[in-house]
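See below for my_file-v4.cif, which holds mmCIF, C-alpha atoms.
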```cif
data_my_file
loop_
_atom_site.label_atom_id
_atom_site.label_comp_id
_atom_site.auth_asym_id
_atom_site.auth_seq_id
_atom_site.Cartn_x
_atom_site.Cartn_y
_atom_site.Cartn_z
CA MET A 1 -48.83 22.02 -11.53
CA GLU A 2 -51.14 20.05 -13.76
CA PRO A 3 -49.55 17.39 -15.93
CA ASP A 4 -50.81 19.21 -19.05
CA ASN A 5 -48.50 22.11 -18.25
CA GLU A 6 -45.43 19.88 -18.38
CA THR A 7 -43.29 19.84 -21.51
CA GLN A 8 -39.94 18.58 -22.71
CA ILE A 9 -37.95 21.80 -22.53
CA THR A 10 -34.81 22.42 -24.58
CA GLU A 11 -33.45 25.52 -22.86
CA PHE A 12 -33.48 27.72 -19.76
CA ILE A 13 -33.32 31.50 -19.42
CA LEU A 14 -30.64 32.92 -17.12
CA LEU A 15 -31.89 36.26 -15.81
CA GLY A 16 -28.51 37.29 -14.37
CA PHE A 17 -28.13 40.29 -12.06
CA SER A 18 -29.96 43.05 -13.89
CA GLU A 19 -32.18 43.44 -16.93
CA GLU A 20 -31.18 47.09 -17.43
CA SER A 21 -29.23 47.28 -20.69
CA GLY A 22 -27.22 50.27 -19.46
CA LEU A 23 -25.62 48.19 -16.70
CA GLN A 24 -24.58 45.29 -18.93
CA PRO A 25 -21.26 46.84 -20.11
CA LEU A 26 -20.33 47.55 -16.48
CA VAL A 27 -21.19 44.00 -15.41
CA PHE A 28 -19.30 42.59 -18.39
CA GLY A 29 -16.17 44.62 -17.68
CA LEU A 30 -16.22 43.87 -13.97
CA PHE A 31 -16.58 40.10 -14.35
CA LEU A 32 -14.14 39.90 -17.26
CA SER A 33 -11.53 41.69 -15.15
CA MET A 34 -12.10 39.42 -12.15
CA TYR A 35 -11.99 36.32 -14.37
CA LEU A 36 -8.70 37.32 -16.02
CA ILE A 37 -7.14 38.15 -12.63
CA THR A 38 -8.30 34.77 -11.30
CA VAL A 39 -6.88 32.80 -14.22
CA CYS A 40 -3.59 34.70 -14.47
CA GLY A 41 -2.91 34.69 -10.72
CA ASN A 42 -3.62 30.99 -10.28
CA VAL A 43 -1.79 29.95 -13.48
CA LEU A 44 1.26 31.89 -12.31
CA LEU A 45 1.18 30.10 -8.98
CA ILE A 46 0.91 26.67 -10.65
CA LEU A 47 3.81 27.41 -13.02
CA LEU A 48 6.05 28.58 -10.20
CA VAL A 49 5.36 25.49 -8.10
CA ALA A 50 5.87 23.17 -11.07
CA SER A 51 9.11 24.80 -12.23
CA ASP A 52 10.92 25.06 -8.88
CA SER A 53 12.02 21.81 -7.24
CA GLN A 54 12.35 23.57 -3.88
CA LEU A 55 8.59 24.15 -3.95
CA HIS A 56 7.83 20.46 -4.42
CA THR A 57 6.49 20.05 -0.88
CA PRO A 58 3.05 18.93 0.37
CA MET A 59 2.02 22.49 1.20
CA TYR A 60 2.73 23.83 -2.29
CA PHE A 61 1.39 20.65 -3.92
CA PHE A 62 -2.01 21.21 -2.32
CA LEU A 63 -1.95 24.93 -3.09
CA ALA A 64 -1.20 24.23 -6.76
CA ASN A 65 -4.10 21.79 -6.87
CA LEU A 66 -6.36 24.36 -5.23
CA SER A 67 -5.31 26.93 -7.84
CA PHE A 68 -6.13 24.52 -10.68
CA VAL A 69 -9.53 23.75 -9.18
CA ASP A 70 -10.23 27.46 -8.67
CA ILE A 71 -9.53 28.15 -12.35
CA CYS A 72 -11.90 25.36 -13.38
CA PHE A 73 -14.50 26.41 -10.80
CA THR A 74 -14.66 29.97 -12.11
CA SER A 75 -14.52 28.81 -15.75
CA THR A 76 -17.65 26.74 -15.22
CA THR A 77 -19.87 29.80 -14.88
CA ILE A 78 -18.23 33.10 -15.84
CA PRO A 79 -17.39 32.51 -19.55
CA LYS A 80 -21.01 31.56 -20.27
CA MET A 81 -22.28 34.63 -18.44
CA LEU A 82 -19.86 36.87 -20.37
CA TRP A 83 -20.91 35.26 -23.66
CA ASN A 84 -24.60 35.85 -22.89
CA ILE A 85 -23.95 39.52 -22.10
CA GLN A 86 -21.86 40.00 -25.24
CA THR A 87 -24.45 38.33 -27.51
CA GLN A 88 -27.39 39.87 -25.60
CA SER A 89 -28.80 36.39 -25.08
CA LYS A 90 -29.88 34.80 -21.82
CA VAL A 91 -30.38 31.30 -23.16
CA ILE A 92 -28.60 28.16 -21.98
CA THR A 93 -29.53 24.80 -23.44
CA TYR A 94 -30.98 22.03 -21.29
CA ALA A 95 -27.89 19.87 -21.88
CA GLY A 96 -25.65 22.87 -21.18
CA CYS A 97 -27.46 23.55 -17.93
CA ILE A 98 -27.10 19.98 -16.70
CA THR A 99 -23.42 20.00 -17.71
CA GLN A 100 -22.88 23.26 -15.83
CA ILE A 101 -24.53 21.79 -12.73
CA TYR A 102 -22.26 18.74 -12.90
CA PHE A 103 -18.98 20.65 -13.19
CA PHE A 104 -20.04 23.34 -10.71
CA LEU A 105 -20.75 20.72 -8.04
CA LEU A 106 -17.58 18.82 -8.96
CA PHE A 107 -15.23 21.76 -8.45
CA ALA A 108 -17.15 23.16 -5.47
CA GLY A 109 -16.73 19.78 -3.76
CA LEU A 110 -13.03 19.68 -4.66
CA ASP A 111 -12.53 23.14 -3.17
CA ASP A 112 -14.17 21.92 0.02
CA PHE A 113 -12.07 18.76 0.29
CA LEU A 114 -8.78 20.47 -0.60
CA LEU A 115 -9.33 23.07 2.11
CA THR A 116 -9.82 20.20 4.55
CA VAL A 117 -6.67 18.42 3.35
CA MET A 118 -4.72 21.66 3.75
CA ALA A 119 -5.97 21.99 7.33
CA TYR A 120 -4.74 18.45 8.02
CA ASP A 121 -1.37 19.35 6.47
CA ARG A 122 -1.04 22.33 8.82
CA PHE A 123 -2.09 20.14 11.78
CA VAL A 124 0.68 17.64 11.04
CA ALA A 125 3.28 20.38 10.40
CA ILE A 126 2.57 22.19 13.69
CA CYS A 127 1.59 19.38 16.04
CA HIS A 128 3.96 16.67 14.70
CA PRO A 129 6.84 18.58 13.07
CA LEU A 130 9.41 15.82 13.58
CA HIS A 131 7.25 13.30 11.71
CA TYR A 132 5.91 15.70 9.07
CA THR A 133 7.94 14.42 6.12
CA VAL A 134 7.20 10.81 7.05
CA ILE A 135 3.44 11.30 7.48
CA MET A 136 2.90 13.67 4.53
CA ASN A 137 4.74 11.52 2.03
CA PRO A 138 4.09 11.82 -1.73
CA GLN A 139 1.93 8.69 -1.76
CA LEU A 140 -0.41 10.02 0.92
CA CYS A 141 -0.61 13.47 -0.70
CA GLY A 142 -1.51 11.96 -4.05
CA LEU A 143 -4.04 9.63 -2.42
CA LEU A 144 -5.76 12.49 -0.58
CA VAL A 145 -6.17 14.45 -3.83
CA LEU A 146 -7.35 11.35 -5.74
CA VAL A 147 -9.97 10.49 -3.12
CA SER A 148 -11.18 14.09 -3.20
CA TRP A 149 -11.67 13.85 -6.97
CA ILE A 150 -13.50 10.52 -6.74
CA ILE A 151 -15.93 11.62 -4.03
CA SER A 152 -16.63 14.94 -5.75
CA ALA A 153 -17.18 13.27 -9.13
CA LEU A 154 -19.61 10.71 -7.67
CA HIS A 155 -21.52 13.39 -5.78
CA SER A 156 -21.89 15.68 -8.80
CA LEU A 157 -22.90 12.73 -11.00
CA ILE A 158 -25.65 11.66 -8.60
CA GLU A 159 -27.03 15.18 -8.24
CA SER A 160 -26.99 15.74 -12.02
CA LEU A 161 -28.76 12.46 -12.75
CA MET A 162 -31.43 13.34 -10.21
CA VAL A 163 -32.11 16.62 -12.00
CA LEU A 164 -32.47 14.69 -15.28
CA ARG A 165 -35.42 12.76 -13.86
CA LEU A 166 -37.42 15.94 -13.20
CA SER A 167 -40.12 17.30 -15.49
CA PHE A 168 -40.23 21.03 -16.14
CA CYS A 169 -43.05 23.42 -16.98
CA THR A 170 -43.09 26.19 -19.52
CA GLU A 171 -41.70 28.56 -16.84
CA VAL A 172 -37.95 28.15 -17.35
CA GLU A 173 -36.51 31.46 -16.09
CA ILE A 174 -33.66 31.02 -13.58
CA PRO A 175 -33.12 34.12 -11.37
CA HIS A 176 -29.36 33.58 -11.38
CA PHE A 177 -26.31 34.02 -13.61
CA PHE A 178 -25.73 30.26 -13.89
CA CYS A 179 -27.64 27.01 -13.46
CA GLU A 180 -27.60 26.84 -9.67
CA ILE A 181 -29.08 23.49 -8.70
CA ASN A 182 -31.51 24.82 -6.08
CA GLN A 183 -32.97 27.31 -8.55
CA VAL A 184 -33.30 24.67 -11.27
CA VAL A 185 -35.03 22.17 -8.98
CA GLN A 186 -37.52 24.84 -7.89
CA LEU A 187 -38.67 25.18 -11.51
CA ALA A 188 -39.68 21.51 -11.76
CA CYS A 189 -43.33 20.52 -12.07
CA SER A 190 -42.72 17.00 -10.77
CA ASN A 191 -42.21 16.06 -7.14
CA THR A 192 -38.84 17.35 -5.87
CA PHE A 193 -39.01 15.93 -2.35
CA PHE A 194 -36.30 13.33 -3.01
CA ASN A 195 -34.05 15.92 -4.68
CA ASP A 196 -34.47 18.30 -1.74
CA MET A 197 -33.67 15.59 0.79
CA VAL A 198 -30.54 14.53 -1.06
CA MET A 199 -29.32 18.13 -1.40
CA TYR A 200 -29.72 18.83 2.31
CA PHE A 201 -28.22 15.46 3.26
CA VAL A 202 -25.22 16.15 1.04
CA ALA A 203 -24.88 19.65 2.51
CA VAL A 204 -24.62 18.13 5.98
CA LEU A 205 -22.37 15.23 4.98
CA LEU A 206 -20.01 16.71 2.39
CA ALA A 207 -19.90 20.24 3.81
CA GLY A 208 -20.43 19.62 7.52
CA GLY A 209 -18.03 16.66 7.59
CA PRO A 210 -15.03 18.51 6.14
CA LEU A 211 -15.87 21.56 8.25
CA ALA A 212 -15.81 19.38 11.37
CA GLY A 213 -12.42 18.05 10.26
CA ILE A 214 -11.10 21.59 9.81
CA LEU A 215 -12.37 22.67 13.23
CA TYR A 216 -10.86 19.60 14.87
CA SER A 217 -7.48 20.23 13.21
CA TYR A 218 -7.44 23.82 14.36
CA SER A 219 -8.50 22.94 17.88
CA LYS A 220 -5.39 20.77 18.08
CA ILE A 221 -3.29 23.51 16.49
CA VAL A 222 -4.53 26.07 19.04
CA SER A 223 -3.68 23.68 21.87
CA SER A 224 -0.21 23.17 20.43
CA ILE A 225 0.35 26.92 20.01
CA HIS A 226 -0.87 27.59 23.54
CA GLY A 227 1.66 25.12 24.91
CA ASN A 228 4.53 26.81 23.06
CA SER A 229 6.34 29.20 25.40
CA SER A 230 8.25 30.92 22.60
CA ALA A 231 6.64 34.11 21.29
CA GLN A 232 8.42 33.65 17.96
CA GLY A 233 7.19 30.07 17.75
CA LYS A 234 3.61 31.17 18.38
CA TYR A 235 3.86 33.85 15.69
CA LYS A 236 5.23 31.38 13.13
CA ALA A 237 2.53 28.85 13.94
CA PHE A 238 -0.21 31.47 13.70
CA SER A 239 1.14 32.80 10.38
CA THR A 240 0.85 29.32 8.86
CA CYS A 241 -2.88 29.24 9.62
CA ALA A 242 -4.18 32.79 9.18
CA SER A 243 -4.44 32.73 5.38
CA HIS A 244 -6.07 29.31 5.30
CA LEU A 245 -8.58 30.29 7.97
CA LEU A 246 -9.54 33.40 5.99
CA VAL A 247 -10.16 31.39 2.82
CA VAL A 248 -12.15 28.77 4.75
CA SER A 249 -14.28 31.48 6.33
CA LEU A 250 -15.02 33.12 2.97
CA PHE A 251 -15.85 29.81 1.29
CA TYR A 252 -18.08 28.35 4.00
CA CYS A 253 -19.90 31.53 5.01
CA THR A 254 -20.94 32.30 1.44
CA SER A 255 -21.57 28.78 0.11
CA LEU A 256 -23.52 27.56 3.13
CA GLY A 257 -25.48 30.79 3.10
CA VAL A 258 -26.67 30.05 -0.43
CA TYR A 259 -27.97 26.56 0.38
CA LEU A 260 -29.11 26.80 3.99
CA SER A 261 -30.56 30.30 4.30
CA SER A 262 -33.93 31.54 3.18
CA ALA A 263 -32.40 34.55 1.42
CA SER A 264 -33.93 36.07 -1.71
CA SER A 265 -32.81 35.07 -5.19
CA HIS A 266 -30.83 38.31 -5.53
CA ALA A 267 -29.04 37.72 -2.22
CA SER A 268 -28.31 34.15 -3.29
CA ALA A 269 -26.77 35.38 -6.54
CA VAL A 270 -24.58 37.89 -4.70
CA ALA A 271 -23.41 35.21 -2.25
CA SER A 272 -22.67 32.92 -5.19
CA VAL A 273 -20.44 35.60 -6.72
CA MET A 274 -18.41 35.63 -3.50
CA TYR A 275 -17.50 31.95 -3.56
CA THR A 276 -17.49 31.35 -7.33
CA VAL A 277 -15.55 34.45 -8.39
CA VAL A 278 -14.21 36.60 -5.55
CA THR A 279 -12.72 33.84 -3.37
CA PRO A 280 -10.84 32.10 -6.26
CA MET A 281 -9.58 35.52 -7.37
CA LEU A 282 -8.32 36.43 -3.89
CA ASN A 283 -6.72 33.07 -3.09
CA PRO A 284 -3.35 33.83 -4.76
CA PHE A 285 -3.26 37.14 -2.87
CA ILE A 286 -4.45 35.77 0.47
CA TYR A 287 -2.03 32.89 0.41
CA SER A 288 -0.01 35.64 -0.03
CA LEU A 289 2.60 38.25 -0.33
CA ARG A 290 6.23 38.53 0.84
CA ASN A 291 6.97 34.88 0.17
CA ARG A 292 10.71 34.73 -0.34
CA ASP A 293 10.63 31.27 -1.90
CA ILE A 294 8.08 32.30 -4.52
CA LYS A 295 9.84 35.61 -5.18
CA ARG A 296 13.11 33.77 -5.69
CA SER A 297 11.44 31.36 -8.09
CA LEU A 298 9.79 34.18 -10.00
CA LYS A 299 13.07 36.10 -10.22
CA ARG A 300 14.81 33.01 -11.55
CA ILE A 301 12.20 32.60 -14.29
CA ILE A 302 11.88 36.16 -15.54
CA GLY A 303 15.27 37.45 -14.43
CA VAL A 304 14.11 40.56 -12.56
CA PRO A 305 13.30 41.15 -8.87
CA MET A 306 9.66 41.59 -7.93
CA MET A 307 8.47 43.78 -5.06
CA TYR A 308 4.92 42.41 -5.11
CA VAL A 309 3.24 39.43 -6.70
CA PRO A 310 -0.01 37.56 -5.96
CA VAL A 311 1.56 34.39 -4.66
CA VAL A 312 1.47 31.91 -1.84
CA LEU A 313 2.19 32.91 1.75
CA GLU A 314 5.13 31.02 3.18
CA LEU A 315 3.96 28.38 5.62
CA LYS A 316 6.92 27.35 7.73
CA LYS A 317 6.90 24.50 10.16
CA CYS A 318 6.74 25.46 13.80
CA PRO A 319 10.08 24.68 15.52
#
```
Kindly transcribe the structure held in the file into structure tokens.
Amino acid sequence: MEPDNETQITEFILLGFSEESGLQPLVFGLFLSMYLITVCGNVLLILLVASDSQLHTPMYFFLANLSFVDICFTSTTIPKMLWNIQTQSKVITYAGCITQIYFFLLFAGLDDFLLTVMAYDRFVAICHPLHYTVIMNPQLCGLLVLVSWIISALHSLIESLMVLRLSFCTEVEIPHFFCEINQVVQLACSNTFFNDMVMYFVAVLLAGGPLAGILYSYSKIVSSIHGNSSAQGKYKAFSTCASHLLVVSLFYCTSLGVYLSSASSHASAVASVMYTVVTPMLNPFIYSLRNRDIKRSLKRIIGVPMMYVPVVLELKKCP
């Protein structure tokens, strides 16, 4: 672009999923329902873990943190989209867009790191059960979460500041339902080479690194399960990992697909829905049902038995 076409913009236009007015009520109802389910399910899980001393273990501590991050992650994008549909406006301010980028990257990074920490927790529980309580002490658990917050905050700050240095043209339409950083950078008139390099470097370092840690943990877990001659022991060990593996698969397959594939803008938006809305909504269900500890805690709070609730799957240590 020529320099004359550059301007100091004050807002962006979020095109969303569809410009057909007849579909807007359907989209609004669908996303409002998913958002409320996400918030209620994860808040319930946090309250149960906080109120029951028997759930004050590393496993439930990390799950409660993941639930809090999932609520914040979804709240970064969905309320603004719902507001735009309700007011029939597609505008987001420049400052609002940068803020959304910052918090989106912050909570996406936290999701990534917490999933890695949870894989390490399962590795210690299955491969070193006798030393589990010693290794996964409260100090280490708190430190792992704190380091995750610090790294994620620094990463999102750097990426956001790099977007601030870009100049934008009069074309400010984002083919997405939120300010996705790739889409925003593509609208810049100034040179984005440095931004692109940092984004891909971060994708390899902060996504590939934790993924490598998860794969390493599970390779050790598989070896430990294979060496267990007890069929019951193998089943218990597998049951502790199945839910986590499913969530990891959903998160990585969709998020990496957004940043590393050459998919269309529409496909990118659909993939973004999977890891910004669907995965946080499903986490309380995936982590899962028939958990006697959670059911007992819920019964103690409300005073009635529950046949089914979206809660955490019991992850017992392998004998």
### Message
Need to verify the contact set: Cys40 in chain A, 12 Å, all atoms listed in the file, exclusion of same-chain residues closer than 6 positions in sequence. Can you return it as a list in words?
### Response
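Close residues of Cys40 in chain A: Ser33, Met34, Ile46, Leu47, Ser67, Phe68, Asp70, Ile71, Pro280, Met281, Leu282, Asn283, Pro284, Phe285, Val309, Pro310 and Val311 of chain A.
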### Task
Can you turn the PyMOL selection byres ((chain A and resi 120-129) around 6) into a concrete residue list for this file, as a ChimeraX atom specification?
/A:117-119,130-132,217,221,317-318
### Message
Just the number, please: distance in Å from CA of Met162 in chain A to CA of Ile9 in chain A, one decimal.
### Response
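Answer for the CA of Met162 in chain A to CA of Ile9 in chain A separation: 16.3 Å.
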#### Entry: Explicit residues for the PyMOL selection byres ((chain A and resi 62) around 10) (as JSON, numbers by chain)
{"A": [57, 58, 59, 60, 61, 63, 64, 65, 66, 67, 68, 114, 115, 117, 118, 121, 141, 142, 144, 145]}
How would the residues just picked look written out with C-alpha atoms as a compact mmCIF listing (two decimals), keeping the file's coordinate frame?
```
# COMPACT_ATOMS: atom_id res chain seq x y z
CA THR A 57 6.49 20.05 -0.88
CA PRO A 58 3.05 18.93 0.37
CA MET A 59 2.02 22.49 1.20
CA TYR A 60 2.73 23.83 -2.29
CA PHE A 61 1.39 20.65 -3.92
CA LEU A 63 -1.95 24.93 -3.09
CA ALA A 64 -1.20 24.23 -6.76
CA ASN A 65 -4.10 21.79 -6.87
CA LEU A 66 -6.36 24.36 -5.23
CA SER A 67 -5.31 26.93 -7.84
CA PHE A 68 -6.13 24.52 -10.68
CA LEU A 114 -8.78 20.47 -0.60
CA LEU A 115 -9.33 23.07 2.11
CA VAL A 117 -6.67 18.42 3.35
CA MET A 118 -4.72 21.66 3.75
CA ASP A 121 -1.37 19.35 6.47
CA CYS A 141 -0.61 13.47 -0.70
CA GLY A 142 -1.51 11.96 -4.05
CA LEU A 144 -5.76 12.49 -0.58
CA VAL A 145 -6.17 14.45 -3.83
```
### Task
List the neighbours of range 73-86 of chain A out to 7 Å using all atoms listed in the file; skip same-chain residues closer than 3 positions along the sequence, and give me the result as a list in words.
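What passes the distance filter is Gln24, Phe28, Val69, Asp70, Ser89, Lys90, Gln100, Phe103, Phe104, Phe107, Ala108, Phe177, Phe178, Thr276 and Val277 of chain A.
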### Message
Quick check, in Å to one decimal: how far apart do CA of Ser152 in chain A and CA of Pro138 in chain A lie?
### Response
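Computed distance, CA of Ser152 in chain A to CA of Pro138 in chain A, equals 21.3 Å.
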Around the point (-12.0, 32.7, 7.0), in the coordinates given by the file, pick out the residues reaching within 12 Å, counting all atoms listed in the file, and return them as a JSON list (two decimals) with C-alpha atoms, in the frame of the given file.
```
[["chain", "number", "residue", "atom", "x", "y", "z"],
["A", 115, "LEU", "CA", -9.33, 23.07, 2.11],
["A", 211, "LEU", "CA", -15.87, 21.56, 8.25],
["A", 214, "ILE", "CA", -11.10, 21.59, 9.81],
["A", 215, "LEU", "CA", -12.37, 22.67, 13.23],
["A", 241, "CYS", "CA", -2.88, 29.24, 9.62],
["A", 242, "ALA", "CA", -4.18, 32.79, 9.18],
["A", 243, "SER", "CA", -4.44, 32.73, 5.38],
["A", 244, "HIS", "CA", -6.07, 29.31, 5.30],
["A", 245, "LEU", "CA", -8.58, 30.29, 7.97],
["A", 246, "LEU", "CA", -9.54, 33.40, 5.99],
["A", 247, "VAL", "CA", -10.16, 31.39, 2.82],
["A", 248, "VAL", "CA", -12.15, 28.77, 4.75],
["A", 249, "SER", "CA", -14.28, 31.48, 6.33],
["A", 250, "LEU", "CA", -15.02, 33.12, 2.97],
["A", 251, "PHE", "CA", -15.85, 29.81, 1.29],
["A", 252, "TYR", "CA", -18.08, 28.35, 4.00],
["A", 253, "CYS", "CA", -19.90, 31.53, 5.01],
["A", 254, "THR", "CA", -20.94, 32.30, 1.44],
["A", 275, "TYR", "CA", -17.50, 31.95, -3.56],
["A", 279, "THR", "CA", -12.72, 33.84, -3.37],
["A", 283, "ASN", "CA", -6.72, 33.07, -3.09],
["A", 286, "ILE", "CA", -4.45, 35.77, 0.47],
["A", 287, "TYR", "CA", -2.03, 32.89, 0.41]]
```
Would you kindly return, as a compact mmCIF listing (two decimals) with C-alpha atoms, in the frame of the given file, each protein, DNA or RNA residue with an atom no farther than 8 Å from any atom of Thr192 in chain A, considering only C-alpha atoms and excluding same-chain residues fewer than 6 positions away?
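Here's the written file result_17.txt:
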```
# COMPACT_ATOMS: atom_id res chain seq x y z
CA LEU A 166 -37.42 15.94 -13.20
CA VAL A 185 -35.03 22.17 -8.98
CA GLN A 186 -37.52 24.84 -7.89
```
### Message
Please compute the CA of Asp111 in chain A-CA of Gly209 in chain A distance, one decimal, in Å.
### Response
13.7 Å
### Message
Please determine, counting all atoms listed in the file, which residue among A:Val27, A:Met136, A:Ala50, A:Ile181 has the shortest atom-to-atom distance to Ile101 in chain A.
### Response
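Smallest distance to Ile101 in chain A is found for A:Ile181.
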### Nearest to Phe31 in chain A by atom-to-atom distance, counting only C-alpha atoms, from A:Gln232, A:Met274, A:Asn195, A:Cys97
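For Phe31 in chain A, the nearest of the candidates is A:Met274.
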### Query
Looking at all atoms listed in the file, which of A:Ala153, A:Leu15, A:Val278, A:Val198 is the one that sits closest to Thr38 in chain A?
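Smallest distance to Thr38 in chain A is found for A:Val278.
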Could you add the missing atoms to range 198-215 of chain A, up to N, CA, C and O atoms, and return them as a JSON list (two decimals), in the coordinates of the input?
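What follows is the written file selection.json:
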```json
[["chain", "number", "residue", "atom", "x", "y", "z"],
["A", 198, "VAL", "N", -31.92, 14.87, -0.71],
["A", 198, "VAL", "CA", -30.54, 14.53, -1.06],
["A", 198, "VAL", "C", -29.64, 15.75, -0.97],
["A", 198, "VAL", "O", -28.52, 15.68, -0.45],
["A", 199, "MET", "N", -30.13, 16.91, -1.45],
["A", 199, "MET", "CA", -29.32, 18.13, -1.40],
["A", 199, "MET", "C", -28.99, 18.53, 0.03],
["A", 199, "MET", "O", -27.85, 18.89, 0.34],
["A", 200, "TYR", "N", -29.98, 18.46, 0.93],
["A", 200, "TYR", "CA", -29.72, 18.83, 2.31],
["A", 200, "TYR", "C", -28.87, 17.79, 3.02],
["A", 200, "TYR", "O", -28.03, 18.13, 3.87],
["A", 201, "PHE", "N", -29.06, 16.51, 2.68],
["A", 201, "PHE", "CA", -28.22, 15.46, 3.26],
["A", 201, "PHE", "C", -26.77, 15.63, 2.84],
["A", 201, "PHE", "O", -25.85, 15.51, 3.66],
["A", 202, "VAL", "N", -26.57, 15.94, 1.56],
["A", 202, "VAL", "CA", -25.22, 16.15, 1.04],
["A", 202, "VAL", "C", -24.59, 17.38, 1.69],
["A", 202, "VAL", "O", -23.40, 17.39, 2.00],
["A", 203, "ALA", "N", -25.40, 18.44, 1.88],
["A", 203, "ALA", "CA", -24.88, 19.65, 2.51],
["A", 203, "ALA", "C", -24.35, 19.35, 3.91],
["A", 203, "ALA", "O", -23.30, 19.87, 4.31],
["A", 204, "VAL", "N", -25.06, 18.49, 4.63],
["A", 204, "VAL", "CA", -24.62, 18.13, 5.98],
["A", 204, "VAL", "C", -23.40, 17.21, 5.93],
["A", 204, "VAL", "O", -22.43, 17.40, 6.68],
["A", 205, "LEU", "N", -23.43, 16.24, 5.02],
["A", 205, "LEU", "CA", -22.37, 15.23, 4.98],
["A", 205, "LEU", "C", -21.08, 15.74, 4.35],
["A", 205, "LEU", "O", -20.00, 15.64, 4.94],
["A", 206, "LEU", "N", -21.20, 16.32, 3.15],
["A", 206, "LEU", "CA", -20.01, 16.71, 2.39],
["A", 206, "LEU", "C", -19.54, 18.13, 2.68],
["A", 206, "LEU", "O", -18.46, 18.53, 2.24],
["A", 207, "ALA", "N", -20.36, 18.92, 3.37],
["A", 207, "ALA", "CA", -19.90, 20.24, 3.81],
["A", 207, "ALA", "C", -19.65, 20.25, 5.31],
["A", 207, "ALA", "O", -18.62, 20.73, 5.77],
["A", 208, "GLY", "N", -20.59, 19.67, 6.07],
["A", 208, "GLY", "CA", -20.43, 19.62, 7.52],
["A", 208, "GLY", "C", -19.29, 18.72, 7.95],
["A", 208, "GLY", "O", -18.56, 19.03, 8.91],
["A", 209, "GLY", "N", -19.11, 17.58, 7.25],
["A", 209, "GLY", "CA", -18.03, 16.66, 7.59],
["A", 209, "GLY", "C", -16.65, 17.29, 7.45],
["A", 209, "GLY", "O", -15.87, 17.31, 8.42],
["A", 210, "PRO", "N", -16.32, 17.83, 6.27],
["A", 210, "PRO", "CA", -15.03, 18.51, 6.14],
["A", 210, "PRO", "C", -14.86, 19.69, 7.09],
["A", 210, "PRO", "O", -13.78, 19.93, 7.62],
["A", 211, "LEU", "N", -15.96, 20.45, 7.32],
["A", 211, "LEU", "CA", -15.87, 21.56, 8.25],
["A", 211, "LEU", "C", -15.53, 21.07, 9.66],
["A", 211, "LEU", "O", -14.72, 21.69, 10.37],
["A", 212, "ALA", "N", -16.14, 19.96, 10.06],
["A", 212, "ALA", "CA", -15.81, 19.38, 11.37],
["A", 212, "ALA", "C", -14.34, 18.97, 11.43],
["A", 212, "ALA", "O", -13.67, 19.16, 12.45],
["A", 213, "GLY", "N", -13.83, 18.42, 10.32],
["A", 213, "GLY", "CA", -12.42, 18.05, 10.26],
["A", 213, "GLY", "C", -11.50, 19.26, 10.39],
["A", 213, "GLY", "O", -10.47, 19.22, 11.05],
["A", 214, "ILE", "N", -11.89, 20.37, 9.73],
["A", 214, "ILE", "CA", -11.10, 21.59, 9.81],
["A", 214, "ILE", "C", -11.10, 22.14, 11.24],
["A", 214, "ILE", "O", -10.05, 22.52, 11.77],
["A", 215, "LEU", "N", -12.28, 22.16, 11.86],
["A", 215, "LEU", "CA", -12.37, 22.67, 13.23],
["A", 215, "LEU", "C", -11.58, 21.81, 14.20],
["A", 215, "LEU", "O", -10.93, 22.33, 15.13]]
```
